[in-house]
Amino acid sequence: MNRYGLTVAVPRGALFSQTLDVLSALGIDTADVRGNDRKLLFADVGIVTMRPTDVPTYVEAGAADLGITGKDVLMEQSEHRVMELLDLGYGRCRMVLASVDVDPDPAAEALRRLGVVRVATKYPRTAAAYFEDTGRQAEIVEVKGSVELAPLTGLVEAIVDITATGTTLRENQLAVREEIAIATARLIANPVAHKLRAAAIDEVVERLRAL
């Protein structure tokens, strides 16, 4: 068990390396985690690794006391009862509305002519809420793979996706039309653990703030 006696859900993928750096700075030994791509549970140091989208599920259920995942995941999975404790600042990306880079904008044209725009996304709830909040009608198409393909094949007029540099969008002849949100890594906690292990969790938060 790590020095805090807490179990932390760690996201594999884009946030993985920086998250382990943060845990190392807290004094948690991450060497075994870094050296093992297949193993998922590291009980001796209180780390369990998983897809970023699974972190809120494990934290809400109490299988992990704390978790780290992107704000984009928390926005999409707002039904989970977890406590967002801290913006960790790394893994910064933008959630954007994008369409094929031509003039006029195909998404704007669809809204003008038909009153509705078809939008492909891995974030259906977030996308639907954004269009509802901005008073526009959208037909949301949920996709699991490469979202960039959808407007190129005529499936939709626009996409909602996250981008760090915009390179993938540009390479697929897509242009950012609107910025929806900024997403960074966030520290979340199980509400019960936050009460029962308040001292340990407060120590983690204070040390993270000081990094």
# chains A, B, ... in the order shown; residues from 1 in each chain; ligands from 1

call {"tool": "select_by_dssp", "arguments": {"residues": "stretch 11-202 of chain A", "states": "strand (DSSP E or B)", "output": "ChimeraX atom specification"}}
result
/A:11,41-42,47-50,66-70,83-87,93-100,117-121,138-142,158-163,174-183,185-189

call {"tool": "residues_around", "arguments": {"residues": "stretch 134-144 of chain A", "least_positions_apart": "6", "cutoff": "9 Å", "atoms": "only C-alpha atoms", "output": "PyMOL selection string"}}
result
chain A and resi 111+115-125+127-128+150+155-156

call {"tool": "write_last_selection", "arguments": {"atoms": "N, CA and C atoms", "output": "mmCIF file, in the first residue's frame"}}
result
data_model
loop_
_atom_site.group_PDB
_atom_site.id
_atom_site.type_symbol
_atom_site.label_atom_id
_atom_site.label_comp_id
_atom_site.auth_asym_id
_atom_site.auth_seq_id
_atom_site.Cartn_x
_atom_site.Cartn_y
_atom_site.Cartn_z
ATOM 1 N N LEU A 111 -27.679 24.339 -41.095
ATOM 2 C CA LEU A 111 -28.576 25.011 -40.159
ATOM 3 C C LEU A 111 -29.417 26.068 -40.864
ATOM 4 N N GLY A 115 -32.384 23.911 -40.902
ATOM 5 C CA GLY A 115 -32.716 24.154 -39.498
ATOM 6 C C GLY A 115 -32.153 23.119 -38.556
ATOM 7 N N VAL A 116 -31.367 22.178 -39.080
ATOM 8 C CA VAL A 116 -30.759 21.133 -38.258
ATOM 9 C C VAL A 116 -29.417 20.749 -38.872
ATOM 10 N N VAL A 117 -28.466 20.381 -38.019
ATOM 11 C CA VAL A 117 -27.155 19.952 -38.484
ATOM 12 C C VAL A 117 -26.859 18.565 -37.920
ATOM 13 N N ARG A 118 -26.276 17.713 -38.755
ATOM 14 C CA ARG A 118 -25.878 16.376 -38.297
ATOM 15 C C ARG A 118 -24.452 16.446 -37.762
ATOM 16 N N VAL A 119 -24.273 15.904 -36.553
ATOM 17 C CA VAL A 119 -22.980 16.020 -35.864
ATOM 18 C C VAL A 119 -22.531 14.644 -35.377
ATOM 19 N N ALA A 120 -21.325 14.232 -35.754
ATOM 20 C CA ALA A 120 -20.748 12.976 -35.267
ATOM 21 C C ALA A 120 -19.827 13.264 -34.089
ATOM 22 N N THR A 121 -19.841 12.381 -33.102
ATOM 23 C CA THR A 121 -19.033 12.625 -31.907
ATOM 24 C C THR A 121 -18.921 11.381 -31.046
ATOM 25 N N LYS A 122 -17.868 11.346 -30.228
ATOM 26 C CA LYS A 122 -17.738 10.352 -29.169
ATOM 27 C C LYS A 122 -18.339 10.887 -27.865
ATOM 28 N N TYR A 123 -18.814 12.120 -27.910
ATOM 29 C CA TYR A 123 -19.358 12.799 -26.723
ATOM 30 C C TYR A 123 -20.806 13.230 -26.984
ATOM 31 N N PRO A 124 -21.725 12.267 -27.156
ATOM 32 C CA PRO A 124 -23.097 12.617 -27.551
ATOM 33 C C PRO A 124 -23.838 13.505 -26.554
ATOM 34 N N ARG A 125 -23.659 13.262 -25.263
ATOM 35 C CA ARG A 125 -24.369 14.070 -24.258
ATOM 36 C C ARG A 125 -23.843 15.507 -24.251
ATOM 37 N N ALA A 127 -22.272 17.090 -26.677
ATOM 38 C CA ALA A 127 -22.620 17.749 -27.936
ATOM 39 C C ALA A 127 -24.088 18.168 -27.948
ATOM 40 N N ALA A 128 -24.972 17.278 -27.513
ATOM 41 C CA ALA A 128 -26.401 17.593 -27.491
ATOM 42 C C ALA A 128 -26.683 18.770 -26.567
ATOM 43 N N ALA A 150 -16.248 11.029 -40.538
ATOM 44 C CA ALA A 150 -17.692 11.209 -40.734
ATOM 45 C C ALA A 150 -18.063 12.355 -41.687
ATOM 46 N N LEU A 155 -21.463 11.582 -44.035
ATOM 47 C CA LEU A 155 -22.350 11.065 -42.987
ATOM 48 C C LEU A 155 -22.958 12.208 -42.188
ATOM 49 N N VAL A 156 -22.149 13.246 -41.943
ATOM 50 C CA VAL A 156 -22.586 14.402 -41.148
ATOM 51 C C VAL A 156 -22.000 15.669 -41.747
#

call {"tool": "closest_residue", "arguments": {"among": "A:Val55, A:Ala193, A:Ala64, A:Leu20", "to": "A:Ala43", "atoms": "only C-alpha atoms"}}
result
A:Ala64

call {"tool": "closest_residue", "arguments": {"among": "A:Glu206, A:Asp161, A:Glu79, A:Glu148", "to": "A:Val96", "atoms": "only C-alpha atoms"}}
result
A:Asp161

call {"tool": "atom_distance", "arguments": {"atom1": "atom CA of A:Val102", "atom2": "atom CA of A:Glu178"}}
result
15.0 Å

call {"tool": "atom_distance", "arguments": {"atom1": "atom CA of A:Ile180", "atom2": "atom CA of A:Leu152"}}
result
21.5 Å

call {"tool": "residues_around", "arguments": {"residues": "stretch 33-36 of chain A", "least_positions_apart": "5", "cutoff": "12 Å", "atoms": "only C-alpha atoms", "output": "list of chain:residue names"}}
result
A:Val10, A:Pro11, A:Arg12, A:Phe16, A:Ser17, A:Gln18, A:Thr19, A:Leu20, A:Asp21, A:Leu23, A:Ser24, A:Ile28, A:Leu41, A:Phe42, A:Ala43, A:Asp44, A:Val45, A:Gly46, A:Ile47, A:Val48, A:Thr49, A:Met50

call {"tool": "atom_distance", "arguments": {"atom1": "atom CA of A:Glu171", "atom2": "atom CA of A:Gly91"}}
result
21.3 Å

call {"tool": "closest_residue", "arguments": {"among": "A:Val59, A:Met83, A:Ile182, A:Ala107", "to": "A:Met95", "atoms": "only C-alpha atoms"}}
result
A:Ile182

call {"tool": "select_by_dssp", "arguments": {"residues": "stretch 47-88 of chain A", "states": "alpha helix (DSSP H)", "output": "list in words"}}
result
Val55, Pro56, Thr57, Tyr58, Val59, Glu60, Ala61, Lys71, Asp72, Val73, Leu74, Met75 and Glu76 of chain A

call {"tool": "write_last_selection", "arguments": {"atoms": "N, CA, C and O atoms", "output": "PDB file, in the first residue's frame"}}
result
ATOM      1  N   VAL A  55     -12.613   5.518 -15.376  1.00  0.00           N
ATOM      2  CA  VAL A  55     -12.185   6.058 -14.078  1.00  0.00           C
ATOM      3  C   VAL A  55     -13.372   6.510 -13.216  1.00  0.00           C
ATOM      4  O   VAL A  55     -13.462   6.130 -12.036  1.00  0.00           O
ATOM      5  N   PRO A  56     -14.332   7.310 -13.747  1.00  0.00           N
ATOM      6  CA  PRO A  56     -15.452   7.733 -12.889  1.00  0.00           C
ATOM      7  C   PRO A  56     -16.284   6.565 -12.363  1.00  0.00           C
ATOM      8  O   PRO A  56     -16.783   6.611 -11.227  1.00  0.00           O
ATOM      9  N   THR A  57     -16.423   5.498 -13.157  1.00  0.00           N
ATOM     10  CA  THR A  57     -17.196   4.325 -12.741  1.00  0.00           C
ATOM     11  C   THR A  57     -16.555   3.662 -11.528  1.00  0.00           C
ATOM     12  O   THR A  57     -17.227   3.333 -10.540  1.00  0.00           O
ATOM     13  N   TYR A  58     -15.237   3.457 -11.585  1.00  0.00           N
ATOM     14  CA  TYR A  58     -14.524   2.799 -10.486  1.00  0.00           C
ATOM     15  C   TYR A  58     -14.508   3.672  -9.239  1.00  0.00           C
ATOM     16  O   TYR A  58     -14.642   3.173  -8.120  1.00  0.00           O
ATOM     17  N   VAL A  59     -14.350   4.972  -9.421  1.00  0.00           N
ATOM     18  CA  VAL A  59     -14.314   5.873  -8.276  1.00  0.00           C
ATOM     19  C   VAL A  59     -15.694   5.973  -7.624  1.00  0.00           C
ATOM     20  O   VAL A  59     -15.823   5.917  -6.398  1.00  0.00           O
ATOM     21  N   GLU A  60     -16.731   6.108  -8.431  1.00  0.00           N
ATOM     22  CA  GLU A  60     -18.091   6.184  -7.873  1.00  0.00           C
ATOM     23  C   GLU A  60     -18.435   4.929  -7.074  1.00  0.00           C
ATOM     24  O   GLU A  60     -19.053   5.009  -6.006  1.00  0.00           O
ATOM     25  N   ALA A  61     -18.017   3.767  -7.587  1.00  0.00           N
ATOM     26  CA  ALA A  61     -18.352   2.499  -6.936  1.00  0.00           C
ATOM     27  C   ALA A  61     -17.504   2.228  -5.704  1.00  0.00           C
ATOM     28  O   ALA A  61     -17.782   1.288  -4.950  1.00  0.00           O
ATOM     29  N   LYS A  71     -11.286  16.278 -18.068  1.00  0.00           N
ATOM     30  CA  LYS A  71     -12.539  16.990 -17.864  1.00  0.00           C
ATOM     31  C   LYS A  71     -13.552  16.616 -18.928  1.00  0.00           C
ATOM     32  O   LYS A  71     -14.767  16.618 -18.661  1.00  0.00           O
ATOM     33  N   ASP A  72     -13.100  16.274 -20.134  1.00  0.00           N
ATOM     34  CA  ASP A  72     -14.014  15.857 -21.197  1.00  0.00           C
ATOM     35  C   ASP A  72     -14.796  14.613 -20.787  1.00  0.00           C
ATOM     36  O   ASP A  72     -15.997  14.502 -21.065  1.00  0.00           O
ATOM     37  N   VAL A  73     -14.131  13.683 -20.097  1.00  0.00           N
ATOM     38  CA  VAL A  73     -14.798  12.472 -19.610  1.00  0.00           C
ATOM     39  C   VAL A  73     -15.830  12.829 -18.546  1.00  0.00           C
ATOM     40  O   VAL A  73     -16.960  12.322 -18.550  1.00  0.00           O
ATOM     41  N   LEU A  74     -15.470  13.726 -17.638  1.00  0.00           N
ATOM     42  CA  LEU A  74     -16.390  14.116 -16.559  1.00  0.00           C
ATOM     43  C   LEU A  74     -17.602  14.866 -17.106  1.00  0.00           C
ATOM     44  O   LEU A  74     -18.720  14.712 -16.598  1.00  0.00           O
ATOM     45  N   MET A  75     -17.399  15.678 -18.129  1.00  0.00           N
ATOM     46  CA  MET A  75     -18.518  16.385 -18.757  1.00  0.00           C
ATOM     47  C   MET A  75     -19.498  15.405 -19.383  1.00  0.00           C
ATOM     48  O   MET A  75     -20.713  15.538 -19.230  1.00  0.00           O
ATOM     49  N   GLU A  76     -18.956  14.409 -20.079  1.00  0.00           N
ATOM     50  CA  GLU A  76     -19.808  13.435 -20.767  1.00  0.00           C
ATOM     51  C   GLU A  76     -20.502  12.498 -19.781  1.00  0.00           C
ATOM     52  O   GLU A  76     -21.617  12.052 -20.020  1.00  0.00           O
TER      53      GLU A  76
END

call {"tool": "residues_around", "arguments": {"residues": "A:Leu169", "least_positions_apart": "5", "cutoff": "10 Å", "atoms": "only C-alpha atoms", "output": "PyMOL selection string"}}
result
chain A and resi 98-101+147-148+161-163+174-176

call {"tool": "decode", "arguments": {"residues": "stretch 37-48 of chain A", "atoms": "all heavy atoms", "output": "mmCIF file, in the first residue's frame"}}
result
data_model
loop_
_atom_site.group_PDB
_atom_site.id
_atom_site.type_symbol
_atom_site.label_atom_id
_atom_site.label_comp_id
_atom_site.auth_asym_id
_atom_site.auth_seq_id
_atom_site.Cartn_x
_atom_site.Cartn_y
_atom_site.Cartn_z
ATOM 1 N N ASP A 37 3.245 -3.046 -19.215
ATOM 2 C CA ASP A 37 2.147 -2.573 -20.060
ATOM 3 C C ASP A 37 0.875 -3.405 -19.921
ATOM 4 O O ASP A 37 -0.214 -2.925 -20.244
ATOM 5 C CB ASP A 37 2.573 -2.582 -21.536
ATOM 6 C CG ASP A 37 3.549 -1.463 -21.845
ATOM 7 O OD1 ASP A 37 3.557 -0.469 -21.091
ATOM 8 O OD2 ASP A 37 4.310 -1.586 -22.826
ATOM 9 N N ARG A 38 1.009 -4.647 -19.489
ATOM 10 C CA ARG A 38 -0.150 -5.548 -19.480
ATOM 11 C C ARG A 38 -0.848 -5.643 -18.124
ATOM 12 O O ARG A 38 -2.054 -5.818 -18.052
ATOM 13 C CB ARG A 38 0.269 -6.950 -19.934
ATOM 14 C CG ARG A 38 0.778 -6.964 -21.381
ATOM 15 C CD ARG A 38 1.064 -8.378 -21.857
ATOM 16 N NE ARG A 38 1.582 -8.368 -23.214
ATOM 17 C CZ ARG A 38 0.827 -8.326 -24.299
ATOM 18 N NH1 ARG A 38 -0.490 -8.277 -24.182
ATOM 19 N NH2 ARG A 38 1.365 -8.340 -25.500
ATOM 20 N N LYS A 39 -0.071 -5.532 -17.075
ATOM 21 C CA LYS A 39 -0.645 -5.623 -15.733
ATOM 22 C C LYS A 39 -1.492 -4.386 -15.447
ATOM 23 O O LYS A 39 -1.118 -3.273 -15.812
ATOM 24 C CB LYS A 39 0.484 -5.745 -14.707
ATOM 25 C CG LYS A 39 0.019 -6.017 -13.281
ATOM 26 C CD LYS A 39 1.230 -6.180 -12.366
ATOM 27 C CE LYS A 39 0.820 -6.352 -10.916
ATOM 28 N NZ LYS A 39 1.989 -6.440 -10.012
ATOM 29 N N LEU A 40 -2.634 -4.570 -14.807
ATOM 30 C CA LEU A 40 -3.572 -3.472 -14.578
ATOM 31 C C LEU A 40 -3.664 -3.055 -13.108
ATOM 32 O O LEU A 40 -3.899 -1.891 -12.815
ATOM 33 C CB LEU A 40 -4.968 -3.858 -15.075
ATOM 34 C CG LEU A 40 -5.072 -4.217 -16.563
ATOM 35 C CD1 LEU A 40 -6.471 -4.678 -16.900
ATOM 36 C CD2 LEU A 40 -4.667 -3.039 -17.428
ATOM 37 N N LEU A 41 -3.485 -4.008 -12.209
ATOM 38 C CA LEU A 41 -3.651 -3.727 -10.779
ATOM 39 C C LEU A 41 -2.308 -3.837 -10.066
ATOM 40 O O LEU A 41 -1.626 -4.851 -10.158
ATOM 41 C CB LEU A 41 -4.647 -4.710 -10.158
ATOM 42 C CG LEU A 41 -4.876 -4.607 -8.643
ATOM 43 C CD1 LEU A 41 -5.433 -3.252 -8.255
ATOM 44 C CD2 LEU A 41 -5.793 -5.735 -8.176
ATOM 45 N N PHE A 42 -1.953 -2.766 -9.361
ATOM 46 C CA PHE A 42 -0.708 -2.727 -8.596
ATOM 47 C C PHE A 42 -1.084 -2.439 -7.145
ATOM 48 O O PHE A 42 -0.928 -1.314 -6.652
ATOM 49 C CB PHE A 42 0.222 -1.652 -9.162
ATOM 50 C CG PHE A 42 0.534 -1.857 -10.626
ATOM 51 C CD1 PHE A 42 -0.342 -1.378 -11.608
ATOM 52 C CD2 PHE A 42 1.676 -2.539 -11.018
ATOM 53 C CE1 PHE A 42 -0.068 -1.575 -12.958
ATOM 54 C CE2 PHE A 42 1.955 -2.737 -12.374
ATOM 55 C CZ PHE A 42 1.079 -2.262 -13.345
ATOM 56 N N ALA A 43 -1.612 -3.474 -6.476
ATOM 57 C CA ALA A 43 -2.193 -3.308 -5.141
ATOM 58 C C ALA A 43 -1.172 -2.850 -4.112
ATOM 59 O O ALA A 43 -1.517 -2.121 -3.170
ATOM 60 C CB ALA A 43 -2.833 -4.626 -4.702
ATOM 61 N N ASP A 44 0.094 -3.250 -4.276
ATOM 62 C CA ASP A 44 1.101 -2.910 -3.275
ATOM 63 C C ASP A 44 1.363 -1.408 -3.188
ATOM 64 O O ASP A 44 1.767 -0.902 -2.136
ATOM 65 C CB ASP A 44 2.414 -3.648 -3.562
ATOM 66 C CG ASP A 44 2.919 -3.435 -4.975
ATOM 67 O OD1 ASP A 44 2.091 -3.207 -5.869
ATOM 68 O OD2 ASP A 44 4.155 -3.486 -5.178
ATOM 69 N N VAL A 45 1.118 -0.683 -4.289
ATOM 70 C CA VAL A 45 1.306 0.778 -4.259
ATOM 71 C C VAL A 45 -0.012 1.534 -4.403
ATOM 72 O O VAL A 45 -0.036 2.758 -4.515
ATOM 73 C CB VAL A 45 2.308 1.249 -5.343
ATOM 74 C CG1 VAL A 45 3.699 0.753 -5.011
ATOM 75 C CG2 VAL A 45 1.873 0.804 -6.735
ATOM 76 N N GLY A 46 -1.134 0.789 -4.422
ATOM 77 C CA GLY A 46 -2.445 1.439 -4.454
ATOM 78 C C GLY A 46 -2.804 2.065 -5.787
ATOM 79 O O GLY A 46 -3.474 3.096 -5.828
ATOM 80 N N ILE A 47 -2.368 1.439 -6.903
ATOM 81 C CA ILE A 47 -2.664 1.971 -8.234
ATOM 82 C C ILE A 47 -3.422 0.922 -9.049
ATOM 83 O O ILE A 47 -3.033 -0.252 -9.083
ATOM 84 C CB ILE A 47 -1.377 2.380 -8.977
ATOM 85 C CG1 ILE A 47 -0.743 3.601 -8.308
ATOM 86 C CG2 ILE A 47 -1.654 2.675 -10.451
ATOM 87 C CD1 ILE A 47 0.599 4.008 -8.898
ATOM 88 N N VAL A 48 -4.487 1.340 -9.685
ATOM 89 C CA VAL A 48 -5.199 0.495 -10.643
ATOM 90 C C VAL A 48 -5.317 1.288 -11.937
ATOM 91 O O VAL A 48 -5.684 2.464 -11.919
ATOM 92 C CB VAL A 48 -6.582 0.043 -10.110
ATOM 93 C CG1 VAL A 48 -7.443 1.225 -9.710
ATOM 94 C CG2 VAL A 48 -7.297 -0.831 -11.125
#
